[in-house]
file model.pdb (PDB, C-alpha atoms)
ATOM      1  CA  HIS G  18       0.000   0.000   0.000
ATOM      2  CA  HIS G  19       1.448   3.343  -1.046
ATOM      3  CA  GLY G  20       0.140   6.488   0.630
ATOM      4  CA  LEU G  21      -0.100   9.871  -1.018
ATOM      5  CA  GLU G  22       2.868  11.081   0.998
ATOM      6  CA  GLU G  23       5.064   8.672  -0.945
ATOM      7  CA  ALA G  24       3.958   9.976  -4.357
ATOM      8  CA  ASP G  25       6.558  12.767  -4.410
ATOM      9  CA  GLN G  26       9.541  10.573  -3.599
ATOM     10  CA  ALA G  27      12.262  10.178  -6.202
ATOM     11  CA  VAL G  28      13.021   6.675  -7.421
ATOM     12  CA  VAL G  29      16.291   5.768  -9.112
ATOM     13  CA  LEU G  30      16.339   2.441 -10.913
ATOM     14  CA  LEU G  31      19.725   0.780 -11.247
ATOM     15  CA  PRO G  32      20.403  -2.066 -13.672
ATOM     16  CA  GLU G  33      20.705  -5.456 -12.034
ATOM     17  CA  GLY G  34      24.346  -6.269 -11.378
ATOM     18  CA  LEU G  35      25.582  -2.671 -11.242
ATOM     19  CA  THR G  36      25.452  -2.123  -7.472
ATOM     20  CA  PRO G  37      28.054  -4.811  -6.572
ATOM     21  CA  ARG G  38      30.538  -3.167  -8.958
ATOM     22  CA  LEU G  39      30.382   0.166  -7.136
ATOM     23  CA  THR G  40      31.853   1.022  -3.762
ATOM     24  CA  ARG G  41      29.492   2.642  -1.283
ATOM     25  CA  ALA G  42      31.107   6.057  -1.878
ATOM     26  CA  GLU G  43      30.813   5.685  -5.677
ATOM     27  CA  ARG G  44      27.163   4.643  -5.376
ATOM     28  CA  ASP G  45      26.395   7.554  -3.042
ATOM     29  CA  ALA G  46      28.001  10.027  -5.474
ATOM     30  CA  ILE G  47      26.087   8.579  -8.454
ATOM     31  CA  LEU G  48      22.812   8.746  -6.503
ATOM     32  CA  ALA G  49      23.587  12.337  -5.449
ATOM     33  CA  HIS G  50      23.976  13.164  -9.154
ATOM     34  CA  GLU G  51      20.622  11.616 -10.029
ATOM     35  CA  LEU G  52      18.879  13.323  -7.096
ATOM     36  CA  SER G  53      20.343  16.616  -8.293
ATOM     37  CA  HIS G  54      18.585  16.026 -11.631
ATOM     38  CA  PHE G  55      15.348  15.389  -9.747
ATOM     39  CA  SER G  56      15.590  18.445  -7.500
ATOM     40  CA  SER G  57      16.423  20.682 -10.501
ATOM     41  CA  GLY G  58      13.358  19.514 -12.426
ATOM     42  CA  ASP G  59      15.555  18.263 -15.280
ATOM     43  CA  ASN G  60      13.018  15.609 -16.255
ATOM     44  CA  VAL G  61      10.439  18.335 -16.984
ATOM     45  CA  THR G  62      12.938  20.432 -18.944
ATOM     46  CA  ALA G  63      14.043  17.390 -20.939
ATOM     47  CA  ALA G  64      10.439  16.423 -21.707
ATOM     48  CA  ILE G  65       9.618  19.945 -22.899
ATOM     49  CA  HIS G  66      12.654  20.033 -25.151
ATOM     50  CA  MET G  67      11.887  16.557 -26.524
ATOM     51  CA  LEU G  68       8.451  17.875 -27.506
ATOM     52  CA  VAL G  69      10.048  20.893 -29.188
ATOM     53  CA  GLU G  70      12.496  18.576 -31.017
ATOM     54  CA  ALA G  71       9.607  16.384 -32.163
ATOM     55  CA  LEU G  72       7.732  19.397 -33.529
ATOM     56  CA  PHE G  73      10.797  21.043 -35.120
ATOM     57  CA  TRP G  74      12.988  18.059 -35.989
ATOM     58  CA  PHE G  75      13.924  19.794 -39.247
ATOM     59  CA  TRP G  76      15.362  22.925 -37.551
ATOM     60  CA  PRO G  77      19.074  22.370 -36.667
ATOM     61  CA  PRO G  78      19.295  25.049 -33.926
ATOM     62  CA  VAL G  79      16.734  23.109 -31.883
ATOM     63  CA  TRP G  80      19.030  20.059 -31.867
ATOM     64  CA  LEU G  81      22.094  22.172 -31.066
ATOM     65  CA  ILE G  82      20.310  23.842 -28.165
ATOM     66  CA  GLY G  83      19.165  20.421 -26.936
ATOM     67  CA  ALA G  84      22.733  19.105 -26.917
ATOM     68  CA  ARG G  85      23.890  22.205 -25.047
ATOM     69  CA  LEU G  86      21.093  21.868 -22.476
ATOM     70  CA  ILE G  87      22.046  18.235 -21.821
ATOM     71  CA  ALA G  88      25.697  19.158 -21.375
ATOM     72  CA  GLU G  89      24.854  22.007 -18.990
ATOM     73  CA  ARG G  90      22.435  19.868 -16.948
ATOM     74  CA  GLU G  91      25.078  17.161 -16.532
ATOM     75  CA  ARG G  92      27.714  19.715 -15.645
ATOM     76  CA  ALA G  93      25.471  21.400 -13.057
ATOM     77  CA  CYS G  94      24.720  18.029 -11.444
ATOM     78  CA  ASP G  95      28.423  17.137 -11.410
ATOM     79  CA  GLU G  96      29.173  20.415  -9.679
ATOM     80  CA  SER G  97      26.368  19.783  -7.181
ATOM     81  CA  VAL G  98      27.834  16.376  -6.305
ATOM     82  CA  LEU G  99      31.258  17.908  -5.661
ATOM     83  CA  ALA G 100      29.715  20.779  -3.670
ATOM     84  CA  GLU G 101      28.062  18.208  -1.394
ATOM     85  CA  GLY G 102      31.549  17.012  -0.462
ATOM     86  CA  HIS G 103      31.854  13.844  -2.533
ATOM     87  CA  ASP G 104      35.430  13.032  -3.537
ATOM     88  CA  ALA G 105      36.083  13.958  -7.177
ATOM     89  CA  GLU G 106      38.234  10.897  -7.902
ATOM     90  CA  VAL G 107      35.697   8.506  -6.352
ATOM     91  CA  TYR G 108      32.878  10.166  -8.281
ATOM     92  CA  ALA G 109      34.750  10.069 -11.604
ATOM     93  CA  GLN G 110      35.657   6.402 -10.999
ATOM     94  CA  GLY G 111      31.987   5.633 -10.313
ATOM     95  CA  ILE G 112      30.917   7.275 -13.581
ATOM     96  CA  LEU G 113      33.522   5.262 -15.485
ATOM     97  CA  LYS G 114      32.337   2.024 -13.828
ATOM     98  CA  VAL G 115      28.734   2.785 -14.794
ATOM     99  CA  CYS G 116      29.807   3.435 -18.389
ATOM    100  CA  ARG G 117      31.876   0.243 -18.489
ATOM    101  CA  PHE G 118      28.919  -1.721 -17.161
ATOM    102  CA  CYS G 119      26.575  -0.180 -19.750
ATOM    103  CA  ILE G 120      28.942  -1.022 -22.592
ATOM    104  CA  GLN G 121      29.058  -4.656 -21.433
ATOM    105  CA  SER G 122      25.305  -4.859 -20.770
ATOM    106  CA  PRO G 123      22.885  -5.794 -23.555
ATOM    107  CA  LEU G 124      20.358  -3.384 -22.026
ATOM    108  CA  ALA G 125      20.206   0.307 -22.741
ATOM    109  CA  CYS G 126      20.971   1.815 -19.366
ATOM    110  CA  ALA G 127      22.204   5.000 -17.723
ATOM    111  CA  SER G 128      21.270   7.146 -20.687
ATOM    112  CA  GLY G 129      22.953  10.283 -19.353
ATOM    113  CA  ALA G 130      26.071   8.611 -17.967
ATOM    114  CA  SER G 131      28.109   8.823 -21.131
ATOM    115  CA  GLY G 132      26.499  11.939 -22.525
ATOM    116  CA  ALA G 133      28.001  15.400 -22.669
ATOM    117  CA  ASP G 134      31.474  14.285 -23.845
ATOM    118  CA  LEU G 135      32.527  11.838 -21.128
ATOM    119  CA  ALA G 136      36.290  12.500 -21.298
ATOM    120  CA  HIS G 137      35.782  16.263 -21.024
ATOM    121  CA  ARG G 138      33.311  15.749 -18.208
ATOM    122  CA  VAL G 139      35.692  13.558 -16.187
ATOM    123  CA  ARG G 140      38.487  16.118 -16.694
ATOM    124  CA  GLN G 141      36.202  18.838 -15.336
ATOM    125  CA  ILE G 142      35.281  16.728 -12.326
ATOM    126  CA  MET G 143      38.914  15.931 -11.535
ATOM    127  CA  ALA G 144      40.032  19.538 -12.041
ATOM    128  CA  GLY G 145      37.166  20.826  -9.929
ATOM    129  CA  GLU G 146      36.211  23.277 -12.662
ATOM    130  CA  ALA G 147      33.201  25.357 -11.728
ATOM    131  CA  VAL G 148      30.411  26.094 -14.144
ATOM    132  CA  SER G 149      31.181  29.437 -15.726
ATOM    133  CA  ASP G 150      29.122  32.224 -14.269
ATOM    134  CA  LEU G 151      26.434  33.371 -16.666
ATOM    135  CA  GLY G 152      26.032  37.097 -16.311
ATOM    136  CA  PRO G 153      22.860  38.922 -17.321
ATOM    137  CA  ALA G 154      24.238  39.666 -20.800
ATOM    138  CA  ARG G 155      25.042  35.991 -21.528
ATOM    139  CA  LYS G 156      21.667  34.858 -20.164
ATOM    140  CA  ALA G 157      19.918  37.391 -22.410
ATOM    141  CA  MET G 158      21.975  36.243 -25.400
ATOM    142  CA  LEU G 159      21.085  32.559 -24.764
ATOM    143  CA  ALA G 160      17.400  33.424 -24.303
ATOM    144  CA  THR G 161      17.427  35.443 -27.530
ATOM    145  CA  ALA G 162      19.074  32.582 -29.420
ATOM    146  CA  LEU G 163      16.468  30.176 -28.083
ATOM    147  CA  VAL G 164      13.558  32.444 -29.003
ATOM    148  CA  LEU G 165      15.000  32.965 -32.499
ATOM    149  CA  ALA G 166      15.589  29.240 -32.974
ATOM    150  CA  LEU G 167      11.984  28.536 -32.060
ATOM    151  CA  GLY G 168      10.480  31.694 -33.547
ATOM    152  CA  LEU G 169      12.002  31.785 -37.028
ATOM    153  CA  PRO G 170      10.074  28.739 -38.310
ATOM    154  CA  VAL G 171       6.885  30.320 -36.983
ATOM    155  CA  ALA G 172       7.672  33.650 -38.615
ATOM    156  CA  ALA G 173       8.345  31.902 -41.910
ATOM    157  CA  GLY G 174       4.995  30.153 -41.563
ATOM    158  CA  PHE G 175       3.173  33.450 -41.037
ATOM    159  CA  VAL G 176       4.495  34.726 -44.342
ATOM    160  CA  SER G 177       3.255  31.748 -46.331
ATOM    161  CA  ALA G 178       0.314  30.510 -44.206
ATOM    162  CA  PRO G 179      -3.285  30.723 -45.356
ATOM    163  CA  PRO G 180      -5.536  32.893 -43.110
ATOM    164  CA  LEU G 181      -7.152  29.876 -41.382
ATOM    165  CA  MET G 182      -3.749  28.700 -40.139
ATOM    166  CA  VAL G 183      -2.695  32.045 -38.645
ATOM    167  CA  GLU G 184      -4.696  31.611 -35.419
ATOM    168  CA  MET G 185      -3.211  28.138 -34.871
ATOM    169  CA  GLN G 186       0.293  29.452 -35.453
ATOM    170  CA  VAL G 187      -0.281  32.263 -32.948
ATOM    171  CA  ARG G 188      -1.237  29.688 -30.316
ATOM    172  CA  VAL G 189       1.805  27.542 -31.120
ATOM    173  CA  ALA G 190       4.057  30.609 -30.927
ATOM    174  CA  ALA G 191       2.636  31.454 -27.487
ATOM    175  CA  VAL G 192       3.402  27.926 -26.273
ATOM    176  CA  ARG G 193       6.941  28.178 -27.651
ATOM    177  CA  LEU G 194       7.514  31.469 -25.873
ATOM    178  CA  ARG G 195       6.306  29.949 -22.595
ATOM    179  CA  VAL G 196       8.662  26.994 -23.138
ATOM    180  CA  ALA G 197      11.545  29.373 -23.863
ATOM    181  CA  ALA G 198      10.734  31.391 -20.736
ATOM    182  CA  ARG G 199      10.602  28.190 -18.640
ATOM    183  CA  ILE G 200      13.957  27.015 -19.998
ATOM    184  CA  GLU G 201      15.460  30.441 -19.335
ATOM    185  CA  HIS G 202      14.038  30.359 -15.783
ATOM    186  CA  ILE G 203      15.467  26.874 -15.161
ATOM    187  CA  ALA G 204      18.858  27.973 -16.522
ATOM    188  CA  ALA G 205      18.783  31.021 -14.262
ATOM    189  CA  VAL G 206      17.872  28.919 -11.209
ATOM    190  CA  SER G 207      20.357  26.095 -11.859
ATOM    191  CA  VAL G 208      23.361  28.338 -12.561
ATOM    192  CA  PRO G 209      24.426  30.677  -9.736
ATOM    193  CA  ILE G 210      24.574  34.343 -10.672
TER     194      ILE G 210
END
call {"tool": "encode", "arguments": {"input": "model.pdb", "output": "structure tokens"}}
result
Amino acid sequence: HHGLEEADQAVVLLPEGLTPRLTRAERDAILAHELSHFSSGDNVTAAIHMLVEALFWFWPPVWLIGARLIAERERACDESVLAEGHDAEVYAQGILKVCRFCIQSPLACASGASGADLAHRVRQIMAGEAVSDLGPARKAMLATALVLALGLPVAAGFVSAPPLMVEMQVRVAAVRLRVAARIEHIAAVSVPI
């Protein structure tokens, strides 16, 4: 029996056979990383961007922004793990063990473990590199790039759309702007100013 109070708890599923390969410290660091994703609302951001990618699969900036968002989410979680006091070497070793296990496993597992250029990521963890501070000007530039990447296809549609389609495109544009604002808000919250 599961009560309503349990509905908001995070659950991390690990592939069978992975846990014995990790030391307790490595496992704790990996779980801290995953809980950082949960507390940052990364699953919502990822779902929104996947919807945008599905709608605008033909627009290359959407894919480039998606890759950048994944890299920044992973980097922010890595920094969070280190800020919590986990040892960088232990954490990096745990990530490498997870990747090794996933390569050997016939199952698709740990989808984000090898993402965001693994070698670069491990170097950043070991060097203790902090996420570069995004000032107001850089945040505005990223938000503008996102709005343009999502808005240009809509603008092109307005030019060639029949009158019946204009109202639908206005609604879609409003949704895109809300998505862009949400992504900008999440970026502003997840990266210290």
call {"tool": "resolve_selection", "arguments": {"input": "model.pdb", "expression": "the PyMOL selection byres ((chain G and resi 65) around 12)", "output": "compact mmCIF listing (two decimals) with C-alpha atoms, keeping the file's coordinate frame"}}
result
# COMPACT_ATOMS: atom_id res chain seq x y z
CA GLY G 58 13.36 19.51 -12.43
CA ASP G 59 15.56 18.26 -15.28
CA ASN G 60 13.02 15.61 -16.26
CA VAL G 61 10.44 18.34 -16.98
CA THR G 62 12.94 20.43 -18.94
CA ALA G 63 14.04 17.39 -20.94
CA ALA G 64 10.44 16.42 -21.71
CA HIS G 66 12.65 20.03 -25.15
CA MET G 67 11.89 16.56 -26.52
CA LEU G 68 8.45 17.88 -27.51
CA VAL G 69 10.05 20.89 -29.19
CA GLU G 70 12.50 18.58 -31.02
CA ALA G 71 9.61 16.38 -32.16
CA LEU G 72 7.73 19.40 -33.53
CA VAL G 79 16.73 23.11 -31.88
CA GLY G 83 19.16 20.42 -26.94
CA LEU G 86 21.09 21.87 -22.48
CA VAL G 192 3.40 27.93 -26.27
CA ARG G 193 6.94 28.18 -27.65
CA ARG G 195 6.31 29.95 -22.60
CA VAL G 196 8.66 26.99 -23.14
CA ALA G 197 11.54 29.37 -23.86
CA ALA G 198 10.73 31.39 -20.74
CA ARG G 199 10.60 28.19 -18.64
CA ILE G 200 13.96 27.02 -20.00
CA ILE G 203 15.47 26.87 -15.16
call {"tool": "atom_distance", "arguments": {"input": "model.pdb", "atom1": "atom CA of Val28 of chain G", "atom2": "atom CA of Ala93 of chain G"}}
result
20.1 Å
call {"tool": "residues_around", "arguments": {"input": "model.pdb", "residues": "segment 45-53 of chain G", "least_positions_apart": "5", "cutoff": "6 Å", "atoms": "only C-alpha atoms", "output": "number ranges by chain"}}
result
G: 94, 98, 108
call {"tool": "atom_distance", "arguments": {"input": "model.pdb", "atom1": "atom CA of Val115 of chain G", "atom2": "atom CA of Glu96 of chain G"}}
result
18.4 Å
call {"tool": "closest_residue", "arguments": {"input": "model.pdb", "among": "G:Cys116, G:Gln26, G:Val107, G:Trp76", "to": "Arg41 of chain G", "atoms": "all atoms listed in the file"}}
result
G:Val107
